Amino acid sequence: MAMRIDGKKISADIKDELKEQVAGLKEKGISVCLAVIQVGNDPASTVYVGNKKKACAYIGIESRAYELPEETTEEELLDLIDQLNKDDSVNGILVQLPIPDHMDEKKVIEAISPKKDVDGFHPQSVGALSIGEPGFVSCTPAGIIQLLKRSGIEIEGKECVVVGRSNIVGKPMAMLLLRENGTVTICHSRTRNLKEVCRRADILVAAIGKPKFFDASYVKDGAVVIDVGIHRNENNKLCGDVDYDSVIDKVSAITPVPGGVGPMTIAMLMHNCVEAALRMNE
Ligand code: GUN
């Protein structure tokens, strides 16, 4: 019987632990504050930003929302980030992506102080992860490591295959698995024999961005499968990159969609905010 890795429960546990930690910090006169910037009103972004604000409220983190109109210039956004960088009462800064096309995403990400980069997207944060220095880690892959550890799944020495090489998920995921002493392979759209490589995996991280792409033929008996994808199928039901019903009798553990990886991203964002406050008050 496969273990269903319960991201909803694990993320709730993490949020409860953070809530307690934040209460303790408050007693010492340390507060935690996250600035959340949204430019324009992309409906999906509004939902994500709303969920982030809700999580802050639950934990006791102050969230300062900056809802900027679509027409905001890049210079205006950079000015706001500069102001927030200099504001000692702000611990974390998050610019919800995507931002409008007339702005340079790279420039905006690089404007955020690495000390406040709770998304872990700044090149300095990414570089720090690569060389094992302290820095903020991208929330989704950091959440996956928590899912594995808190489910008692050992990473050390395991064959880990990550399918997807994005800067936000695939690459940091590979770095984190390596940091945990996994043997790591990164696959992507040009990988030859993708199926054979996936079938070697003790831990398969599916982040290819195609609904139900991975069926049983991609999975080794007893593998652990982490599904990063989230899609709506023809019946408007949520599904992942993995064909859950096809692989369920073959795997030893699997994350469902929804309720697997998804809830972990916000939990780890909250973790990074608390970490930012701790570092600032060291
Ligand atoms: N848009 C979709 N996911 C994310 C995220 O994790 N962080 C930010 N800043 N924007 C996003």
# chains A, B, ... in the order shown; residues from 1 in each chain; ligands from 1
>>> residues_near_ligand(ligand="ligand 1", cutoff="10 Å", atoms="only C-alpha atoms and all ligand atoms", output="PDB file with N, CA, C and O atoms, in the first residue's frame")
ATOM      1  N   VAL A  36       4.297  42.407   0.471  1.00  0.00           N
ATOM      2  CA  VAL A  36       3.841  41.651  -0.710  1.00  0.00           C
ATOM      3  C   VAL A  36       3.429  42.641  -1.796  1.00  0.00           C
ATOM      4  O   VAL A  36       2.509  43.440  -1.587  1.00  0.00           O
ATOM      5  N   ILE A  37       4.108  42.578  -2.920  1.00  0.00           N
ATOM      6  CA  ILE A  37       3.811  43.515  -4.014  1.00  0.00           C
ATOM      7  C   ILE A  37       3.140  42.753  -5.155  1.00  0.00           C
ATOM      8  O   ILE A  37       3.657  41.729  -5.627  1.00  0.00           O
ATOM      9  N   GLN A  38       1.997  43.260  -5.580  1.00  0.00           N
ATOM     10  CA  GLN A  38       1.345  42.707  -6.776  1.00  0.00           C
ATOM     11  C   GLN A  38       1.145  43.846  -7.775  1.00  0.00           C
ATOM     12  O   GLN A  38       0.617  44.905  -7.410  1.00  0.00           O
ATOM     13  N   ALA A  44      -5.203  34.763 -10.973  1.00  0.00           N
ATOM     14  CA  ALA A  44      -4.490  33.697 -10.259  1.00  0.00           C
ATOM     15  C   ALA A  44      -3.555  34.312  -9.209  1.00  0.00           C
ATOM     16  O   ALA A  44      -3.491  33.843  -8.066  1.00  0.00           O
ATOM     17  N   SER A  45      -2.870  35.401  -9.595  1.00  0.00           N
ATOM     18  CA  SER A  45      -1.958  36.066  -8.657  1.00  0.00           C
ATOM     19  C   SER A  45      -2.722  36.594  -7.448  1.00  0.00           C
ATOM     20  O   SER A  45      -2.240  36.521  -6.318  1.00  0.00           O
ATOM     21  N   TYR A  48      -3.252  33.727  -5.127  1.00  0.00           N
ATOM     22  CA  TYR A  48      -1.999  33.350  -4.447  1.00  0.00           C
ATOM     23  C   TYR A  48      -1.637  34.370  -3.370  1.00  0.00           C
ATOM     24  O   TYR A  48      -1.292  34.011  -2.246  1.00  0.00           O
ATOM     25  N   VAL A  49      -1.736  35.660  -3.737  1.00  0.00           N
ATOM     26  CA  VAL A  49      -1.375  36.726  -2.796  1.00  0.00           C
ATOM     27  C   VAL A  49      -2.316  36.693  -1.587  1.00  0.00           C
ATOM     28  O   VAL A  49      -1.885  36.826  -0.437  1.00  0.00           O
ATOM     29  N   LYS A  52      -1.272  33.990   0.717  1.00  0.00           N
ATOM     30  CA  LYS A  52      -0.051  34.356   1.453  1.00  0.00           C
ATOM     31  C   LYS A  52      -0.401  35.288   2.619  1.00  0.00           C
ATOM     32  O   LYS A  52       0.100  35.131   3.729  1.00  0.00           O
ATOM     33  N   ILE A  93      10.586  40.659   1.341  1.00  0.00           N
ATOM     34  CA  ILE A  93       9.933  41.347   0.213  1.00  0.00           C
ATOM     35  C   ILE A  93       9.607  40.308  -0.845  1.00  0.00           C
ATOM     36  O   ILE A  93      10.484  39.530  -1.255  1.00  0.00           O
ATOM     37  N   LEU A  94       8.361  40.331  -1.295  1.00  0.00           N
ATOM     38  CA  LEU A  94       7.940  39.384  -2.326  1.00  0.00           C
ATOM     39  C   LEU A  94       7.244  40.154  -3.446  1.00  0.00           C
ATOM     40  O   LEU A  94       6.313  40.914  -3.177  1.00  0.00           O
ATOM     41  N   VAL A  95       7.734  39.997  -4.657  1.00  0.00           N
ATOM     42  CA  VAL A  95       7.039  40.555  -5.818  1.00  0.00           C
ATOM     43  C   VAL A  95       6.358  39.380  -6.515  1.00  0.00           C
ATOM     44  O   VAL A  95       7.031  38.461  -7.013  1.00  0.00           O
ATOM     45  N   GLN A  96       5.036  39.386  -6.511  1.00  0.00           N
ATOM     46  CA  GLN A  96       4.313  38.268  -7.113  1.00  0.00           C
ATOM     47  C   GLN A  96       4.555  38.250  -8.624  1.00  0.00           C
ATOM     48  O   GLN A  96       4.422  39.263  -9.301  1.00  0.00           O
ATOM     49  N   LEU A  97       4.920  37.088  -9.137  1.00  0.00           N
ATOM     50  CA  LEU A  97       5.148  36.923 -10.577  1.00  0.00           C
ATOM     51  C   LEU A  97       3.919  36.254 -11.198  1.00  0.00           C
ATOM     52  O   LEU A  97       3.247  35.492 -10.514  1.00  0.00           O
ATOM     53  N   PRO A  98       3.600  36.462 -12.438  1.00  0.00           N
ATOM     54  CA  PRO A  98       4.335  37.315 -13.379  1.00  0.00           C
ATOM     55  C   PRO A  98       4.060  38.804 -13.152  1.00  0.00           C
ATOM     56  O   PRO A  98       3.019  39.171 -12.629  1.00  0.00           O
ATOM     57  N   ILE A  99       5.030  39.627 -13.582  1.00  0.00           N
ATOM     58  CA  ILE A  99       4.809  41.066 -13.596  1.00  0.00           C
ATOM     59  C   ILE A  99       4.532  41.471 -15.043  1.00  0.00           C
ATOM     60  O   ILE A  99       4.822  40.702 -15.962  1.00  0.00           O
ATOM     61  N   ILE A 109      13.821  41.274  -9.791  1.00  0.00           N
ATOM     62  CA  ILE A 109      14.262  40.263  -8.808  1.00  0.00           C
ATOM     63  C   ILE A 109      15.605  40.681  -8.202  1.00  0.00           C
ATOM     64  O   ILE A 109      15.824  40.589  -6.993  1.00  0.00           O
ATOM     65  N   ASP A 117      15.153  38.451   0.515  1.00  0.00           N
ATOM     66  CA  ASP A 117      14.696  37.693  -0.654  1.00  0.00           C
ATOM     67  C   ASP A 117      14.040  36.377  -0.230  1.00  0.00           C
ATOM     68  O   ASP A 117      14.564  35.290  -0.476  1.00  0.00           O
ATOM     69  N   VAL A 118      12.858  36.471   0.386  1.00  0.00           N
ATOM     70  CA  VAL A 118      12.215  35.284   0.956  1.00  0.00           C
ATOM     71  C   VAL A 118      11.706  34.290  -0.100  1.00  0.00           C
ATOM     72  O   VAL A 118      11.411  33.140   0.224  1.00  0.00           O
ATOM     73  N   ASP A 119      11.642  34.714  -1.358  1.00  0.00           N
ATOM     74  CA  ASP A 119      11.313  33.783  -2.448  1.00  0.00           C
ATOM     75  C   ASP A 119      12.542  32.955  -2.856  1.00  0.00           C
ATOM     76  O   ASP A 119      12.400  31.918  -3.503  1.00  0.00           O
ATOM     77  N   GLY A 120      13.719  33.456  -2.539  1.00  0.00           N
ATOM     78  CA  GLY A 120      14.955  32.755  -2.918  1.00  0.00           C
ATOM     79  C   GLY A 120      15.263  32.823  -4.402  1.00  0.00           C
ATOM     80  O   GLY A 120      15.925  31.943  -4.941  1.00  0.00           O
ATOM     81  N   PHE A 121      14.787  33.873  -5.082  1.00  0.00           N
ATOM     82  CA  PHE A 121      14.955  33.988  -6.543  1.00  0.00           C
ATOM     83  C   PHE A 121      16.185  34.813  -6.932  1.00  0.00           C
ATOM     84  O   PHE A 121      16.599  34.816  -8.084  1.00  0.00           O
ATOM     85  N   SER A 138      14.454  28.683  -2.598  1.00  0.00           N
ATOM     86  CA  SER A 138      13.174  28.694  -3.301  1.00  0.00           C
ATOM     87  C   SER A 138      12.165  27.780  -2.579  1.00  0.00           C
ATOM     88  O   SER A 138      12.491  26.660  -2.180  1.00  0.00           O
ATOM     89  N   CYS A 139      10.951  28.292  -2.398  1.00  0.00           N
ATOM     90  CA  CYS A 139      10.013  27.670  -1.447  1.00  0.00           C
ATOM     91  C   CYS A 139       9.489  26.294  -1.867  1.00  0.00           C
ATOM     92  O   CYS A 139       9.340  25.415  -1.016  1.00  0.00           O
ATOM     93  N   THR A 140       9.200  26.092  -3.152  1.00  0.00           N
ATOM     94  CA  THR A 140       8.621  24.801  -3.554  1.00  0.00           C
ATOM     95  C   THR A 140       9.624  23.661  -3.351  1.00  0.00           C
ATOM     96  O   THR A 140       9.291  22.662  -2.693  1.00  0.00           O
ATOM     97  N   ILE A 168      13.259  28.054 -10.653  1.00  0.00           N
ATOM     98  CA  ILE A 168      12.479  28.130  -9.415  1.00  0.00           C
ATOM     99  C   ILE A 168      12.279  26.746  -8.788  1.00  0.00           C
ATOM    100  O   ILE A 168      12.224  26.605  -7.581  1.00  0.00           O
ATOM    101  N   VAL A 169      12.163  25.712  -9.631  1.00  0.00           N
ATOM    102  CA  VAL A 169      11.911  24.363  -9.090  1.00  0.00           C
ATOM    103  C   VAL A 169      13.043  23.383  -9.414  1.00  0.00           C
ATOM    104  O   VAL A 169      13.745  22.915  -8.517  1.00  0.00           O
ATOM    105  N   THR A 265       4.485  25.332  -0.468  1.00  0.00           N
ATOM    106  CA  THR A 265       5.177  26.532  -0.953  1.00  0.00           C
ATOM    107  C   THR A 265       4.952  27.703   0.015  1.00  0.00           C
ATOM    108  O   THR A 265       5.909  28.389   0.406  1.00  0.00           O
ATOM    109  N   ILE A 266       3.716  27.902   0.414  1.00  0.00           N
ATOM    110  CA  ILE A 266       3.422  29.025   1.326  1.00  0.00           C
ATOM    111  C   ILE A 266       4.020  28.765   2.708  1.00  0.00           C
ATOM    112  O   ILE A 266       4.558  29.677   3.342  1.00  0.00           O
ATOM    113  N   MET A 268       6.725  27.252   3.411  1.00  0.00           N
ATOM    114  CA  MET A 268       8.165  27.548   3.367  1.00  0.00           C
ATOM    115  C   MET A 268       8.432  29.039   3.185  1.00  0.00           C
ATOM    116  O   MET A 268       9.434  29.558   3.668  1.00  0.00           O
ATOM    117  N   LEU A 269       7.519  29.731   2.515  1.00  0.00           N
ATOM    118  CA  LEU A 269       7.639  31.197   2.421  1.00  0.00           C
ATOM    119  C   LEU A 269       7.558  31.795   3.832  1.00  0.00           C
ATOM    120  O   LEU A 269       8.353  32.673   4.198  1.00  0.00           O
TER     121      LEU A 269
END
>>> select_by_dssp(residues="region 36-234 of chain A", states="helix (DSSP H, G or I)", output="VMD selection string")
chain A and resid 43 to 59 74 to 86 105 to 111 114 to 116 123 to 131 139 to 150 170 to 179 194 to 198 216 to 218
>>> atom_distance(atom1="CA of Ser217 (chain A)", atom2="CA of Glu159 (chain A)")
17.4 Å
>>> residues_around(residues="Leu84 (chain A)", least_positions_apart="3", cutoff="8 Å", atoms="only C-alpha atoms", output="JSON, numbers by chain")
{"A": [35, 80, 81, 87, 90, 93]}
>>> closest_residue(among="A:Gly24, A:Gly240, A:Pro43, A:Gly262", to="Pro141 (chain A)", atoms="only C-alpha atoms")
A:Gly262
>>> residues_around(residues="region 200-202 of chain A", least_positions_apart="5", cutoff="6 Å", atoms="only C-alpha atoms", output="JSON, numbers by chain")
{"A": [158, 159, 160, 161, 223]}
>>> residues_around(residues="His271 (chain A)", least_positions_apart="4", cutoff="12 Å", atoms="only C-alpha atoms", output="VMD selection string")
chain A and resid 11 13 to 19 21 to 22 32 34 55 to 56 59 61 91 to 92 118 to 120 136 to 140 142 to 143 146 264 to 267 275 to 278
>>> write_last_selection(atoms="N, CA, C and O atoms", output="CSV table (one decimal), in the first residue's frame")
chain,number,residue,atom,x,y,z
A,11,SER,N,2.1,20.9,6.0
A,11,SER,CA,2.2,22.4,5.9
A,11,SER,C,1.5,23.0,7.1
A,11,SER,O,1.9,24.0,7.6
A,13,ASP,N,1.3,21.6,10.1
A,13,ASP,CA,2.2,21.4,11.2
A,13,ASP,C,3.3,22.5,11.2
A,13,ASP,O,3.6,23.1,12.2
A,14,ILE,N,3.8,22.8,10.0
A,14,ILE,CA,4.9,23.8,9.9
A,14,ILE,C,4.4,25.1,10.3
A,14,ILE,O,5.0,25.9,11.1
A,15,LYS,N,3.2,25.5,9.8
A,15,LYS,CA,2.6,26.8,10.2
A,15,LYS,C,2.3,26.9,11.7
A,15,LYS,O,2.5,27.9,12.3
A,16,ASP,N,1.9,25.8,12.3
A,16,ASP,CA,1.7,25.8,13.7
A,16,ASP,C,3.0,26.0,14.5
A,16,ASP,O,3.1,26.8,15.5
A,17,GLU,N,4.1,25.3,14.0
A,17,GLU,CA,5.4,25.5,14.7
A,17,GLU,C,5.8,27.0,14.5
A,17,GLU,O,6.4,27.6,15.5
A,18,LEU,N,5.6,27.5,13.3
A,18,LEU,CA,6.0,28.9,13.1
A,18,LEU,C,5.2,29.9,14.0
A,18,LEU,O,5.8,30.9,14.5
A,19,LYS,N,4.0,29.6,14.1
A,19,LYS,CA,3.1,30.4,14.9
A,19,LYS,C,3.6,30.5,16.4
A,19,LYS,O,3.7,31.6,17.0
A,21,GLN,N,6.7,29.9,17.3
A,21,GLN,CA,8.0,30.6,17.2
A,21,GLN,C,7.8,32.1,17.2
A,21,GLN,O,8.6,32.9,17.8
A,22,VAL,N,6.9,32.6,16.3
A,22,VAL,CA,6.6,34.0,16.2
A,22,VAL,C,6.1,34.6,17.5
A,22,VAL,O,6.5,35.7,17.9
A,32,VAL,N,7.8,40.1,12.9
A,32,VAL,CA,8.1,39.7,11.6
A,32,VAL,C,7.1,40.3,10.6
A,32,VAL,O,5.9,40.4,10.8
A,34,LEU,N,6.2,40.9,6.3
A,34,LEU,CA,6.5,40.6,4.9
A,34,LEU,C,5.8,41.6,4.0
A,34,LEU,O,4.6,41.9,4.2
A,55,ALA,N,-2.0,33.3,5.4
A,55,ALA,CA,-1.0,32.5,6.2
A,55,ALA,C,-0.3,33.4,7.1
A,55,ALA,O,0.0,33.0,8.3
A,56,CYS,N,0.1,34.6,6.7
A,56,CYS,CA,0.8,35.6,7.5
A,56,CYS,C,-0.1,35.8,8.8
A,56,CYS,O,0.4,35.8,9.9
A,59,ILE,N,-0.2,33.0,11.3
A,59,ILE,CA,1.1,32.8,12.1
A,59,ILE,C,1.4,34.0,13.0
A,59,ILE,O,2.1,33.8,14.0
A,61,ILE,N,2.5,37.0,11.5
A,61,ILE,CA,3.4,37.8,10.6
A,61,ILE,C,2.6,39.0,10.1
A,61,ILE,O,1.5,38.8,9.6
A,91,ASN,N,11.0,42.6,6.9
A,91,ASN,CA,12.0,41.5,6.9
A,91,ASN,C,12.0,40.8,5.6
A,91,ASN,O,13.1,40.4,5.2
A,92,GLY,N,10.9,40.7,4.9
A,92,GLY,CA,10.8,40.0,3.6
A,92,GLY,C,10.1,40.8,2.6
A,92,GLY,O,9.2,41.5,2.9
A,118,VAL,N,12.9,36.5,0.4
A,118,VAL,CA,12.2,35.3,1.0
A,118,VAL,C,11.7,34.3,-0.1
A,118,VAL,O,11.4,33.1,0.2
A,119,ASP,N,11.6,34.7,-1.4
A,119,ASP,CA,11.3,33.8,-2.4
A,119,ASP,C,12.5,33.0,-2.9
A,119,ASP,O,12.4,31.9,-3.5
A,120,GLY,N,13.7,33.5,-2.5
A,120,GLY,CA,15.0,32.8,-2.9
A,120,GLY,C,15.3,32.8,-4.4
A,120,GLY,O,15.9,31.9,-4.9
A,136,PHE,N,18.5,32.2,1.3
A,136,PHE,CA,17.1,31.8,1.2
A,136,PHE,C,17.0,30.8,0.0
A,136,PHE,O,17.5,31.0,-1.0
A,137,VAL,N,16.2,29.8,0.3
A,137,VAL,CA,16.0,28.7,-0.7
A,137,VAL,C,14.6,28.8,-1.3
A,137,VAL,O,13.6,29.0,-0.5
A,138,SER,N,14.5,28.7,-2.6
A,138,SER,CA,13.2,28.7,-3.3
A,138,SER,C,12.2,27.8,-2.6
A,138,SER,O,12.5,26.7,-2.2
A,139,CYS,N,11.0,28.3,-2.4
A,139,CYS,CA,10.0,27.7,-1.4
A,139,CYS,C,9.5,26.3,-1.9
A,139,CYS,O,9.3,25.4,-1.0
A,140,THR,N,9.2,26.1,-3.2
A,140,THR,CA,8.6,24.8,-3.6
A,140,THR,C,9.6,23.7,-3.4
A,140,THR,O,9.3,22.7,-2.7
A,142,ALA,N,12.2,23.6,-1.4
A,142,ALA,CA,12.5,23.5,0.1
A,142,ALA,C,11.3,22.8,0.7
A,142,ALA,O,11.5,21.9,1.6
A,143,GLY,N,10.1,23.0,0.3
A,143,GLY,CA,8.9,22.3,0.8
A,143,GLY,C,9.0,20.8,0.5
A,143,GLY,O,8.6,20.0,1.3
A,146,GLN,N,11.1,19.0,2.9
A,146,GLN,CA,10.4,18.9,4.2
A,146,GLN,C,9.4,17.7,4.1
A,146,GLN,O,9.2,16.9,5.0
A,264,MET,N,2.8,23.3,0.5
A,264,MET,CA,4.2,23.5,1.1
A,264,MET,C,4.8,24.8,0.7
A,264,MET,O,5.6,25.3,1.5
A,265,THR,N,4.5,25.3,-0.5
A,265,THR,CA,5.2,26.5,-1.0
A,265,THR,C,5.0,27.7,0.0
A,265,THR,O,5.9,28.4,0.4
A,266,ILE,N,3.7,27.9,0.4
A,266,ILE,CA,3.4,29.0,1.3
A,266,ILE,C,4.0,28.8,2.7
A,266,ILE,O,4.6,29.7,3.3
A,267,ALA,N,4.0,27.5,3.2
A,267,ALA,CA,4.5,27.2,4.5
A,267,ALA,C,6.0,27.6,4.5
A,267,ALA,O,6.5,28.1,5.5
A,275,GLU,N,12.9,33.3,9.3
A,275,GLU,CA,14.3,33.2,9.2
A,275,GLU,C,14.9,34.6,8.9
A,275,GLU,O,16.0,34.9,9.5
A,276,ALA,N,14.3,35.3,8.0
A,276,ALA,CA,14.8,36.7,7.7
A,276,ALA,C,14.8,37.6,8.9
A,276,ALA,O,15.7,38.3,9.2
A,277,ALA,N,13.7,37.5,9.7
A,277,ALA,CA,13.6,38.3,10.9
A,277,ALA,C,14.7,37.8,11.9
A,277,ALA,O,15.4,38.7,12.6
A,278,LEU,N,14.9,36.5,12.0
A,278,LEU,CA,15.9,36.0,13.0
A,278,LEU,C,17.3,36.5,12.6
A,278,LEU,O,18.1,37.0,13.4
>>> closest_residue(among="A:Ile226, A:Leu148, A:Met103, A:Leu129", to="Thr73 (chain A)", atoms="only C-alpha atoms")
A:Met103
>>> closest_residue(among="A:Glu75, A:Glu62, A:Glu110, A:Asp241", to="Val261 (chain A)", atoms="only C-alpha atoms")
A:Asp241
>>> decode(residues="region 146-156 of chain A", atoms="all heavy atoms", output="short mmCIF file (atom, residue, chain, number, x, y, z; two decimals), in the first residue's frame")
data_model
loop_
_atom_site.label_atom_id
_atom_site.label_comp_id
_atom_site.auth_asym_id
_atom_site.auth_seq_id
_atom_site.Cartn_x
_atom_site.Cartn_y
_atom_site.Cartn_z
N GLN A 146 11.11 19.05 2.94
CA GLN A 146 10.37 18.88 4.19
C GLN A 146 9.38 17.72 4.08
O GLN A 146 9.22 16.95 5.03
CB GLN A 146 9.63 20.17 4.56
CG GLN A 146 10.53 21.26 5.08
CD GLN A 146 11.28 20.83 6.33
OE1 GLN A 146 10.69 20.33 7.29
NE2 GLN A 146 12.59 21.00 6.33
N LEU A 147 8.70 17.62 2.94
CA LEU A 147 7.74 16.51 2.76
C LEU A 147 8.45 15.17 2.92
O LEU A 147 7.95 14.26 3.58
CB LEU A 147 7.11 16.57 1.36
CG LEU A 147 6.04 17.61 1.08
CD1 LEU A 147 5.60 17.53 -0.38
CD2 LEU A 147 4.83 17.44 1.99
N LEU A 148 9.63 15.06 2.29
CA LEU A 148 10.37 13.80 2.35
C LEU A 148 10.83 13.52 3.77
O LEU A 148 10.59 12.43 4.31
CB LEU A 148 11.58 13.85 1.39
CG LEU A 148 11.24 13.91 -0.11
CD1 LEU A 148 12.48 14.22 -0.94
CD2 LEU A 148 10.63 12.58 -0.58
N LYS A 149 11.46 14.52 4.39
CA LYS A 149 12.01 14.30 5.74
C LYS A 149 10.92 13.99 6.74
O LYS A 149 11.06 13.07 7.55
CB LYS A 149 12.78 15.55 6.19
CG LYS A 149 14.11 15.71 5.48
CD LYS A 149 14.93 16.80 6.13
CE LYS A 149 16.35 16.76 5.58
NZ LYS A 149 17.17 17.86 6.10
N ARG A 150 9.84 14.74 6.68
CA ARG A 150 8.78 14.55 7.68
C ARG A 150 7.95 13.31 7.40
O ARG A 150 7.11 12.93 8.21
CB ARG A 150 7.90 15.81 7.74
CG ARG A 150 8.62 16.98 8.42
CD ARG A 150 7.82 18.26 8.33
NE ARG A 150 8.54 19.39 8.87
CZ ARG A 150 8.19 20.08 9.98
NH1 ARG A 150 7.12 19.76 10.64
NH2 ARG A 150 8.93 21.10 10.40
N SER A 151 8.16 12.69 6.25
CA SER A 151 7.49 11.40 5.97
C SER A 151 8.46 10.24 6.22
O SER A 151 8.14 9.09 5.89
CB SER A 151 7.02 11.36 4.51
OG SER A 151 6.16 12.44 4.24
N GLY A 152 9.63 10.56 6.74
CA GLY A 152 10.60 9.51 7.08
C GLY A 152 11.28 8.90 5.87
O GLY A 152 11.73 7.75 5.92
N ILE A 153 11.32 9.64 4.77
CA ILE A 153 11.96 9.10 3.55
C ILE A 153 13.40 9.58 3.49
O ILE A 153 13.66 10.79 3.47
CB ILE A 153 11.17 9.55 2.30
CG1 ILE A 153 9.77 8.92 2.32
CG2 ILE A 153 11.93 9.17 1.02
CD1 ILE A 153 8.78 9.57 1.39
N GLU A 154 14.31 8.63 3.47
CA GLU A 154 15.73 8.98 3.46
C GLU A 154 16.15 9.38 2.04
O GLU A 154 15.70 8.79 1.06
CB GLU A 154 16.54 7.78 3.94
CG GLU A 154 17.85 8.23 4.53
CD GLU A 154 18.66 7.07 5.07
OE1 GLU A 154 18.04 6.10 5.59
OE2 GLU A 154 19.88 7.14 4.96
N ILE A 155 17.01 10.38 1.94
CA ILE A 155 17.48 10.86 0.64
C ILE A 155 18.92 10.38 0.38
O ILE A 155 19.28 10.06 -0.75
CB ILE A 155 17.40 12.41 0.58
CG1 ILE A 155 15.95 12.88 0.82
CG2 ILE A 155 17.92 12.93 -0.77
CD1 ILE A 155 15.80 14.37 1.09
N GLU A 156 19.68 10.30 1.44
CA GLU A 156 21.11 9.96 1.31
C GLU A 156 21.33 8.68 0.51
O GLU A 156 20.73 7.64 0.78
CB GLU A 156 21.72 9.79 2.71
CG GLU A 156 23.20 9.53 2.65
CD GLU A 156 23.90 9.85 3.96
OE1 GLU A 156 23.50 10.80 4.63
OE2 GLU A 156 24.84 9.12 4.30
#
